[in-house]
Amino acid sequence: MAHNFADALKAADNRPAGFDYMRIILACGVVLMHSASTSYGPGADRDLWMSPISPFVRIILPMFFALSGFLVAGSMLRCKTIIMFLGLRFIRIYPALAVEVLLSAFLIGAAVTTFDLSRYFTDPLFARYLVNVTGHISFLLPGVFADNPVPHIVNAQLWTVPFELICYLSITLCILAGAKKWHVIAPLAAALILLAHVGGRLYRGAVIAEPIDHVAGYLLVAYFLGGVSIYLYRDRIVCSPLWGAVSAIASIGLLSFSTGQYLALIPVSYLTAYLGTRNPARIAMLRGADYSYGVFLYGYAIQQTLMFAFPDLRIWWINAALALPIAFVFAWFSWTFVEKPALRLKSVVTRLENAWLSLHGKLPRPA
């Protein structure tokens, strides 16, 4: 029986199936969450966030980012240099993002735009949308989805991309500050982000206890660092069903009210790590593949396309029932033809790292 998270990871040969299940469940949760707004409009999204099930909606992205932080922290400790660490993050994120942006612009947009194609491809909005591959996000394509319940927006889920990049920047800064040796740097950075966010809202005159209908991007960075912190202290933090249950109750309870988003970081991070380190048998779909990123990337654009093509089917459960299978098809395509092949670029990153180490006298030159 695992006494701490290090034991739980070791028992699963550092590849527990729980994280695989969590990734795909959370990705599907994002699609389900967006089925309300893409079917009925932004007002339905706000109603969802204020409904009795709001804690279960509010926990999806924080858990996603905490999960990412836990796993990325392991990569951080395994990498000899920041070159390898950032290189691995690049080949995992950017190729799939670039393909999704290109397919949205050249396939979906070109198919549904109300503009003639010559005007569509020369409109400044088209060129601006392509810049999404750099992390500078634009949601609009010319003449696309103007009559949808959420008008004009092609893929709202891309709003998280800049904050994913900030997460990688934050952990890089933690590494440079010595987080591999002084683990306390990561939780201090998470606390600093929380305090800075509260201070910023107070400075702007916001009422901290006012109802919220979204999750703040910078708070997701704090949750990411929460996951990093759990991993760094994995050999000191007890991993038990009791604390898993307590963290689940605390997470849902705290996320039931607005200020709870600041207080839920610890229980959400713990809950994420606890569920992730469970190791049930993997179903066939999860063996050797990760479709979660593809579902996450393509889900919203698929929902918008369905609501455009079938306006009589703008009912949330029909929306989700149609979008999820199609999203999995695109996710299979993304994993098979983009993400998995991109992982082979690790050899290129390794050569770059070895060249840097050799240049600085940290790697013996070949005889």
# chains A, B, ... in the order shown; residues from 1 in each chain; ligands from 1
>>> residues_around(residues="segment 314-321 of chain A", least_positions_apart="3", cutoff="8 Å", atoms="only C-alpha atoms", output="PyMOL selection string")
chain A and resi 31-32+35-36+38-40+303+306-307+310-311+324-325
>>> closest_atom_pairs(of="segment 262-325 of chain A", to="segment 132-150 of chain A", cutoff="8 Å", atoms="only C-alpha atoms", output="JSON lines")
{"residue": "A:Gln304", "atom": "CA", "partner": "A:Asn148", "partner_atom": "CA", "distance": 7.3}
{"residue": "A:Thr305", "atom": "CA", "partner": "A:Phe145", "partner_atom": "CA", "distance": 7.8}
{"residue": "A:Met307", "atom": "CA", "partner": "A:Asn148", "partner_atom": "CA", "distance": 6.6}
{"residue": "A:Phe308", "atom": "CA", "partner": "A:Asn148", "partner_atom": "CA", "distance": 6.0}
>>> residues_around(residues="Val30 of chain A", least_positions_apart="5", cutoff="8 Å", atoms="only C-alpha atoms", output="PyMOL selection string")
chain A and resi 60-61+296
>>> residues_around(residues="segment 175-191 of chain A", least_positions_apart="3", cutoff="8 Å", atoms="only C-alpha atoms", output="list in words")
Leu77, Ile171, Thr172, Leu194, Leu195, Val221, Ala222, Tyr223, Leu225, Gly226, Val228, Ser229, Leu232 and Tyr233 of chain A
>>> closest_atom_pairs(of="segment 253-314 of chain A", to="segment 13-22 of chain A", cutoff="8 Å", atoms="only C-alpha atoms", output="Markdown table")
| residue | atom | partner | partner_atom | distance |
| --- | --- | --- | --- | --- |
| A:Leu275 | CA | A:Gly18 | CA | 5.9 |
| A:Gly276 | CA | A:Gly18 | CA | 4.0 |
| A:Thr277 | CA | A:Pro16 | CA | 5.3 |
| A:Arg278 | CA | A:Gly18 | CA | 4.8 |
| A:Asn279 | CA | A:Ala17 | CA | 4.7 |
| A:Pro280 | CA | A:Ala17 | CA | 6.0 |
| A:Ala281 | CA | A:Ala17 | CA | 7.0 |
| A:Arg282 | CA | A:Ala17 | CA | 6.2 |
| A:Leu286 | CA | A:Asp20 | CA | 6.8 |
| A:Asp290 | CA | A:Asp20 | CA | 7.3 |
>>> write_last_selection(atoms="all heavy atoms", output="PDB file, in the first residue's frame")
ATOM      1  N   LEU A 275      -6.085  11.056  -7.582  1.00  0.00           N
ATOM      2  CA  LEU A 275      -6.797  10.324  -8.632  1.00  0.00           C
ATOM      3  C   LEU A 275      -5.844   9.890  -9.746  1.00  0.00           C
ATOM      4  O   LEU A 275      -5.968   8.794 -10.295  1.00  0.00           O
ATOM      5  CB  LEU A 275      -7.918  11.193  -9.207  1.00  0.00           C
ATOM      6  CG  LEU A 275      -9.071  11.532  -8.256  1.00  0.00           C
ATOM      7  CD1 LEU A 275     -10.052  12.478  -8.924  1.00  0.00           C
ATOM      8  CD2 LEU A 275      -9.777  10.267  -7.793  1.00  0.00           C
ATOM      9  N   GLY A 276      -4.889  10.759 -10.062  1.00  0.00           N
ATOM     10  CA  GLY A 276      -3.957  10.444 -11.134  1.00  0.00           C
ATOM     11  C   GLY A 276      -3.053   9.272 -10.816  1.00  0.00           C
ATOM     12  O   GLY A 276      -2.674   8.514 -11.719  1.00  0.00           O
ATOM     13  N   THR A 277      -2.703   9.106  -9.563  1.00  0.00           N
ATOM     14  CA  THR A 277      -1.787   8.025  -9.197  1.00  0.00           C
ATOM     15  C   THR A 277      -2.507   6.706  -8.921  1.00  0.00           C
ATOM     16  O   THR A 277      -1.860   5.712  -8.562  1.00  0.00           O
ATOM     17  CB  THR A 277      -0.945   8.409  -7.957  1.00  0.00           C
ATOM     18  OG1 THR A 277      -1.812   8.881  -6.909  1.00  0.00           O
ATOM     19  CG2 THR A 277       0.061   9.492  -8.310  1.00  0.00           C
ATOM     20  N   ARG A 278      -3.829   6.666  -9.119  1.00  0.00           N
ATOM     21  CA  ARG A 278      -4.516   5.366  -9.094  1.00  0.00           C
ATOM     22  C   ARG A 278      -4.091   4.615 -10.367  1.00  0.00           C
ATOM     23  O   ARG A 278      -3.783   5.216 -11.378  1.00  0.00           O
ATOM     24  CB  ARG A 278      -6.031   5.517  -9.069  1.00  0.00           C
ATOM     25  CG  ARG A 278      -6.653   6.332  -7.916  1.00  0.00           C
ATOM     26  CD  ARG A 278      -6.179   5.893  -6.552  1.00  0.00           C
ATOM     27  NE  ARG A 278      -4.953   6.594  -6.190  1.00  0.00           N
ATOM     28  CZ  ARG A 278      -4.075   6.169  -5.297  1.00  0.00           C
ATOM     29  NH1 ARG A 278      -4.251   5.021  -4.706  1.00  0.00           N
ATOM     30  NH2 ARG A 278      -2.996   6.874  -5.022  1.00  0.00           N
ATOM     31  N   ASN A 279      -4.144   3.301 -10.306  1.00  0.00           N
ATOM     32  CA  ASN A 279      -3.626   2.544 -11.450  1.00  0.00           C
ATOM     33  C   ASN A 279      -4.548   1.392 -11.870  1.00  0.00           C
ATOM     34  O   ASN A 279      -4.153   0.218 -11.853  1.00  0.00           O
ATOM     35  CB  ASN A 279      -2.232   1.993 -11.112  1.00  0.00           C
ATOM     36  CG  ASN A 279      -1.486   1.514 -12.341  1.00  0.00           C
ATOM     37  OD1 ASN A 279      -1.637   2.089 -13.421  1.00  0.00           O
ATOM     38  ND2 ASN A 279      -0.694   0.460 -12.195  1.00  0.00           N
ATOM     39  N   PRO A 280      -5.778   1.720 -12.296  1.00  0.00           N
ATOM     40  CA  PRO A 280      -6.651   0.662 -12.822  1.00  0.00           C
ATOM     41  C   PRO A 280      -6.131   0.188 -14.182  1.00  0.00           C
ATOM     42  O   PRO A 280      -5.296   0.848 -14.804  1.00  0.00           O
ATOM     43  CB  PRO A 280      -8.000   1.377 -12.968  1.00  0.00           C
ATOM     44  CG  PRO A 280      -7.631   2.807 -13.207  1.00  0.00           C
ATOM     45  CD  PRO A 280      -6.402   3.052 -12.374  1.00  0.00           C
ATOM     46  N   ALA A 281      -6.643  -0.934 -14.635  1.00  0.00           N
ATOM     47  CA  ALA A 281      -6.247  -1.438 -15.945  1.00  0.00           C
ATOM     48  C   ALA A 281      -6.668  -0.444 -17.028  1.00  0.00           C
ATOM     49  O   ALA A 281      -7.755   0.143 -16.966  1.00  0.00           O
ATOM     50  CB  ALA A 281      -6.892  -2.796 -16.194  1.00  0.00           C
ATOM     51  N   ARG A 282      -5.800  -0.250 -17.990  1.00  0.00           N
ATOM     52  CA  ARG A 282      -6.112   0.663 -19.087  1.00  0.00           C
ATOM     53  C   ARG A 282      -7.026  -0.016 -20.103  1.00  0.00           C
ATOM     54  O   ARG A 282      -6.796  -1.170 -20.478  1.00  0.00           O
ATOM     55  CB  ARG A 282      -4.837   1.120 -19.803  1.00  0.00           C
ATOM     56  CG  ARG A 282      -4.006   2.122 -19.038  1.00  0.00           C
ATOM     57  CD  ARG A 282      -2.764   2.504 -19.832  1.00  0.00           C
ATOM     58  NE  ARG A 282      -2.020   3.557 -19.175  1.00  0.00           N
ATOM     59  CZ  ARG A 282      -1.117   3.359 -18.222  1.00  0.00           C
ATOM     60  NH1 ARG A 282      -0.867   2.123 -17.811  1.00  0.00           N
ATOM     61  NH2 ARG A 282      -0.476   4.380 -17.683  1.00  0.00           N
ATOM     62  N   LEU A 286      -6.643   3.724 -24.422  1.00  0.00           N
ATOM     63  CA  LEU A 286      -5.628   4.498 -23.712  1.00  0.00           C
ATOM     64  C   LEU A 286      -4.236   3.880 -23.774  1.00  0.00           C
ATOM     65  O   LEU A 286      -3.291   4.447 -23.250  1.00  0.00           O
ATOM     66  CB  LEU A 286      -6.038   4.672 -22.247  1.00  0.00           C
ATOM     67  CG  LEU A 286      -7.327   5.448 -21.997  1.00  0.00           C
ATOM     68  CD1 LEU A 286      -7.602   5.532 -20.503  1.00  0.00           C
ATOM     69  CD2 LEU A 286      -7.269   6.834 -22.600  1.00  0.00           C
ATOM     70  N   ASP A 290      -2.700   9.188 -26.516  1.00  0.00           N
ATOM     71  CA  ASP A 290      -3.271  10.242 -25.668  1.00  0.00           C
ATOM     72  C   ASP A 290      -4.142  11.128 -26.552  1.00  0.00           C
ATOM     73  O   ASP A 290      -3.650  11.969 -27.291  1.00  0.00           O
ATOM     74  CB  ASP A 290      -2.167  11.070 -25.014  1.00  0.00           C
ATOM     75  CG  ASP A 290      -2.732  12.204 -24.155  1.00  0.00           C
ATOM     76  OD1 ASP A 290      -3.966  12.224 -23.932  1.00  0.00           O
ATOM     77  OD2 ASP A 290      -1.944  13.072 -23.730  1.00  0.00           O
TER      78      ASP A 290
END
>>> atom_distance(atom1="atom CA of Ser240 of chain A", atom2="atom CA of Gly253 of chain A")
19.9 Å
>>> atom_distance(atom1="atom CA of Ala248 of chain A", atom2="atom CA of Leu271 of chain A")
6.1 Å
>>> closest_atom_pairs(of="segment 250-311 of chain A", to="segment 336-359 of chain A", cutoff="10 Å", atoms="only C-alpha atoms", output="CSV")
residue,atom,partner,partner_atom,distance
A:Gly288,CA,A:Lys340,CA,9.6
A:Ala289,CA,A:Lys340,CA,8.2
A:Asp290,CA,A:Glu339,CA,9.0
A:Tyr291,CA,A:Thr336,CA,9.4
A:Tyr293,CA,A:Glu339,CA,9.2
A:Gly294,CA,A:Glu339,CA,9.0
>>> atom_distance(atom1="atom CA of Leu130 of chain A", atom2="atom CA of Ala98 of chain A")
8.5 Å
>>> closest_residue(among="A:Arg58, A:Phe64, A:Ala301, A:Tyr270", to="Ala105 of chain A", atoms="only C-alpha atoms")
A:Ala301
>>> closest_residue(among="A:Trp332, A:Tyr298, A:Tyr168, A:Tyr203", to="Arg89 of chain A", atoms="only C-alpha atoms")
A:Tyr168
>>> residues_around(residues="Leu103 of chain A", least_positions_apart="2", cutoff="12 Å", atoms="only C-alpha atoms", output="list in words")
Ala96, Leu97, Ala98, Val99, Glu100, Val101, Ala105, Phe106, Leu107, Ile108, Gly109, Ala110, Ala111, Tyr129, Leu130, Val133, Val154, Asn155, Leu297, Tyr298, Ala301, Ile302, Phe330, Phe333 and Ser334 of chain A
>>> write_last_selection(atoms="N, CA and C atoms", output="CSV table (one decimal), in the first residue's frame")
chain,number,residue,atom,x,y,z
A,96,ALA,N,0.5,20.0,-32.9
A,96,ALA,CA,-0.9,19.8,-32.9
A,96,ALA,C,-1.7,21.1,-32.9
A,97,LEU,N,-1.2,22.1,-32.2
A,97,LEU,CA,-1.9,23.4,-32.2
A,97,LEU,C,-1.8,24.0,-33.6
A,98,ALA,N,-0.7,24.0,-34.2
A,98,ALA,CA,-0.5,24.5,-35.6
A,98,ALA,C,-1.5,23.9,-36.6
A,99,VAL,N,-1.6,22.5,-36.5
A,99,VAL,CA,-2.4,21.8,-37.4
A,99,VAL,C,-3.9,22.2,-37.2
A,100,GLU,N,-4.3,22.3,-35.9
A,100,GLU,CA,-5.7,22.7,-35.6
A,100,GLU,C,-6.0,24.1,-36.2
A,101,VAL,N,-5.1,25.0,-36.0
A,101,VAL,CA,-5.3,26.4,-36.5
A,101,VAL,C,-5.4,26.3,-38.0
A,105,ALA,N,-8.8,27.3,-40.2
A,105,ALA,CA,-8.8,28.4,-41.1
A,105,ALA,C,-9.0,28.0,-42.6
A,106,PHE,N,-8.4,26.9,-43.0
A,106,PHE,CA,-8.4,26.5,-44.4
A,106,PHE,C,-9.5,25.5,-44.7
A,107,LEU,N,-10.0,24.8,-43.7
A,107,LEU,CA,-11.0,23.8,-44.0
A,107,LEU,C,-12.4,24.3,-43.5
A,108,ILE,N,-12.5,24.5,-42.1
A,108,ILE,CA,-13.8,24.9,-41.6
A,108,ILE,C,-14.2,26.2,-42.0
A,109,GLY,N,-13.3,27.2,-41.8
A,109,GLY,CA,-13.6,28.6,-42.2
A,109,GLY,C,-14.0,28.7,-43.7
A,110,ALA,N,-13.1,28.1,-44.5
A,110,ALA,CA,-13.4,28.3,-46.0
A,110,ALA,C,-14.7,27.6,-46.4
A,111,ALA,N,-15.1,26.5,-45.6
A,111,ALA,CA,-16.3,25.8,-46.0
A,111,ALA,C,-17.6,26.6,-45.6
A,129,TYR,N,-5.8,35.2,-37.7
A,129,TYR,CA,-6.1,33.9,-37.1
A,129,TYR,C,-4.9,32.9,-37.2
A,130,LEU,N,-4.2,33.0,-38.2
A,130,LEU,CA,-3.0,32.1,-38.4
A,130,LEU,C,-2.0,32.4,-37.3
A,133,VAL,N,-0.9,30.2,-33.9
A,133,VAL,CA,0.2,29.2,-33.7
A,133,VAL,C,1.3,29.8,-32.8
A,154,VAL,N,-14.6,31.2,-33.4
A,154,VAL,CA,-14.3,29.9,-34.1
A,154,VAL,C,-13.9,28.8,-33.0
A,155,ASN,N,-12.9,29.2,-32.2
A,155,ASN,CA,-12.5,28.2,-31.2
A,155,ASN,C,-12.1,29.0,-29.9
A,297,LEU,N,-8.5,20.4,-28.1
A,297,LEU,CA,-8.2,21.4,-29.1
A,297,LEU,C,-9.4,21.6,-30.1
A,298,TYR,N,-10.0,20.5,-30.5
A,298,TYR,CA,-10.9,20.5,-31.6
A,298,TYR,C,-12.4,20.6,-31.2
A,301,ALA,N,-14.4,24.1,-31.8
A,301,ALA,CA,-14.6,24.3,-33.3
A,301,ALA,C,-15.6,23.4,-33.9
A,302,ILE,N,-15.6,22.1,-33.5
A,302,ILE,CA,-16.5,21.2,-34.0
A,302,ILE,C,-18.0,21.5,-33.5
A,330,PHE,N,-11.1,13.4,-34.7
A,330,PHE,CA,-10.1,14.4,-35.0
A,330,PHE,C,-8.9,14.2,-34.0
A,333,PHE,N,-6.9,11.4,-35.4
A,333,PHE,CA,-6.1,12.0,-36.5
A,333,PHE,C,-4.9,12.7,-35.9
A,334,SER,N,-5.1,13.6,-35.0
A,334,SER,CA,-4.1,14.5,-34.4
A,334,SER,C,-3.0,13.6,-33.8
>>> residues_around(residues="Phe70 of chain A", least_positions_apart="5", cutoff="7 Å", atoms="only C-alpha atoms", output="MDAnalysis selection string")
chainID A and resid 227:228 230:231
>>> select_by_dssp(residues="segment 42-283 of chain A", states="alpha helix (DSSP H)", output="ChimeraX atom specification")
/A:42-49,54-58,60-78,82-103,110-112,117-122,124-130,161-176,185-203,217-232,241-254,260-263,265-276
